Structures are given as structure tokens and as C-alpha cells.
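The next block holds one structure in the form of C-alpha cells; read it before the comments.
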Amino acid sequence: MFVRVHETINELVRSNLVTIVNKESTIIPLSGHAGKFSIITFEEYISIALDASRTVGIYPEIKDPVFINKHVKWDGGKKFEDIFVDTLLKYGYKGQYMSENWLKQPLFIQSFAPTSLVHASKLTDSPKIFLTDDFSVRTQDTNQSYWEITSDDYLAYISNYVVGLGPWKDTVVPVVKNYLMAPTDLVARAHAHNLQVHPYTYRNENQFLHFNFHQDPYAEYDFWINNMGVDGLFTDFTGALHRYQELVSPHPKDETANSLLVKIAQMISAYEGH
């Protein structure tokens, strides 16, 4: 399980935001507590994972780095990305995907800004995911089109810095009038460049479920995992995804999440050795 750290703030700028409260941006609030609590910090999110009784990974996003680097200045000329990675290293997050260190504290770093991911690659070997937006949205830092950043040439380039893509799901399988159309070849092409694919965002509410799934989130999970062959999913309803996984492939109760990750790593190592 990974905790998706979507919009958090650093302790260094929190003092300027003490009057801001967290407001859910969804049409149907998840908790019913919108506007009642202050914004949680990055370090507080990390503590949730580290204080858990089992292995819980985190999936933090380098959010709006162009905007933040323009308006927030840190000592020593550091950038937002530097502070972000420094915080992860402070709490012991390090190591390549499926390495011993990574298995102890699983982590994916995500960003829509490719230059941020390239810069972060100079600071940490932790795995990174390049997020891509809608067809019409250009990258915030390099002003590139969707078609440029999903071309084979660009996938070959970005694969030097990231382990996968995080595309909006409706760009992987386009939608017309809330019905799925023919899938694109993005998953296959990403896999050809040894890149994982983690689409976003999966939700349980009826208005977010395409008609093909008949208001059944399990049917959506099944389609994306088994038909599309994606490697991971962003969901706002982790409990539902966990229950789906338990339904289709339950694991023995005495096995911890960490022991399962170790087994997966061993299988990958054995496969790569052939």
C-alpha cells in the first residue's frame, strides 16, 4: 500500500499558511470534514507511513515546482526539488526500485515537470514517475505538448530518469459520452521502453465510473489491471482497491506486506538472471 502525498506543504513555508484550512476539491467530499482542519505537512504525511505497524509506501508529488520556485526562496540558492529530496533523505528514503533499502521504505516520486525529475535524479536514486496530463495540456516547465512527451523518442529520453509514467487514464483509453473507446498504444510503448504505467485517478462515485463498468469499481480495476496490463493505479479509494485485490488474489494472513515485496524482488532477480 502507498500513501499518495498529493498536495502537501513543507514545514519551512507552513508558518505563512496557518490560516488556510484543507478543502476537498471533489464533487462529493470523501470525509464530510472539508474546511475543518489545517493543511497537513509533508513530514506529517511521512510520519503516518513510518509509524504504521506494517510497511506502508509513500508516493509524494513535486507539486507545481515552477510556481513554487518562482515565489519561494530558500537559503543557499536551493530549489523546491532540493528541499523535497532533503526531506526524504532525512527520513531514510533511498534506494533504487526493489532494492533492499527501497523494500524497507517503499517510495515513488512523481511530478508533471520533467526538469524537476531530471534534477531530482541527481540527488536521489529513488524511483520516479513522470505524470502526464490531458491531450491539450502542455508541460509547465518545458512547454511541450502531450504528443511530444509521449513520443517514442521522448520515452527513450525520460526513461534515463524515471521508472514509469503516470498518465491520466482517459488519455490511455479515450472516452466519448462516458463510454470507453479503443485504447491507445501508450501502455505497450511505455513497456517497450521498460517504463511502468500508473494511470490516475480511480474513484468509486458513479459520475467518475464510465458506463462500461456499470457503476462497479471492481470491474474498472479488473479492466485496467487484466485487460490493459498497467503496473499500478492511483485511487482515492484505497480500501476498495485493497478489497478487490483480496477478492481476486488473497494472500496468507501471516504474510506481511514487506515479506511479499521481498518475494517479488527475489522472483524478479531470478527472472533477470536467466
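Chain identifiers are assigned as A, B, and so on, following the order in which chains appear in the C-alpha cells; residues are numbered from 1 within each chain, and ligands are numbered from 1 in order of appearance.
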
Review point. Excluding same-chain residues fewer than 2 positions from region 109-121 of chain A, what lies within 7 Å of it counting only C-alpha atoms, as a count of residues only?
Key: 20

Point to revise | Which of region 44-259 of chain A fall in alpha helix (DSSP H), as number ranges by chain | key: A: 44-50, 65-71, 80-90, 100-104, 114-121, 146-149, 152-158, 169-172, 186-192, 217-222, 238-248, 257-259

Point to revise | Between CA of Tyr200 (chain A) and CA of Glu220 (chain A), distance in Å (one decimal) | key: 12.3 Å

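By only C-alpha atoms, and with residues fewer than 6 positions from region 228-239 of chain A along its chain excluded, the set lying at most 6 Å from it is Gln196, Val197, His198, Pro199, Tyr200, Thr201, Tyr202 and Arg203 of chain A.
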
Output of the above residues as a tab-separated table (two decimals), in the first residue's frame, restricted to N, CA and C atoms:
```tsv
chain	number	residue	atom	x	y	z
A	196	GLN	N	7.13	1.53	-16.36
A	196	GLN	CA	5.86	1.13	-15.79
A	196	GLN	C	4.79	2.16	-16.16
A	197	VAL	N	3.52	1.78	-15.98
A	197	VAL	CA	2.42	2.70	-16.24
A	197	VAL	C	1.47	2.67	-15.04
A	198	HIS	N	1.30	3.85	-14.40
A	198	HIS	CA	0.43	4.00	-13.23
A	198	HIS	C	-0.62	5.08	-13.53
A	199	PRO	N	-1.72	4.76	-14.18
A	199	PRO	CA	-2.72	5.78	-14.52
A	199	PRO	C	-3.42	6.34	-13.28
A	200	TYR	N	-4.03	7.51	-13.46
A	200	TYR	CA	-4.80	8.17	-12.40
A	200	TYR	C	-6.11	8.70	-12.97
A	201	THR	N	-7.08	9.08	-12.17
A	201	THR	CA	-7.34	8.72	-10.79
A	201	THR	C	-8.62	7.90	-10.77
A	202	TYR	N	-8.63	6.83	-10.01
A	202	TYR	CA	-9.76	5.91	-9.97
A	202	TYR	C	-10.63	6.24	-8.75
A	203	ARG	N	-11.94	6.42	-9.02
A	203	ARG	CA	-12.87	6.83	-7.97
A	203	ARG	C	-14.12	5.95	-8.02
```

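The interatomic distance for the pair CA of Arg54 (chain A) and CA of Gly164 (chain A) works out to 25.4 Å.
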
Exercise for review: Please identify which residues in region 101-271 of chain A DSSP calls strand (DSSP E or B) from the backbone, and express them as a VMD selection string.
Suggested key: chain A and resid 107 109 to 111 128 to 132 164 to 168 175 to 176 179 to 180 196 to 197 200 202 235
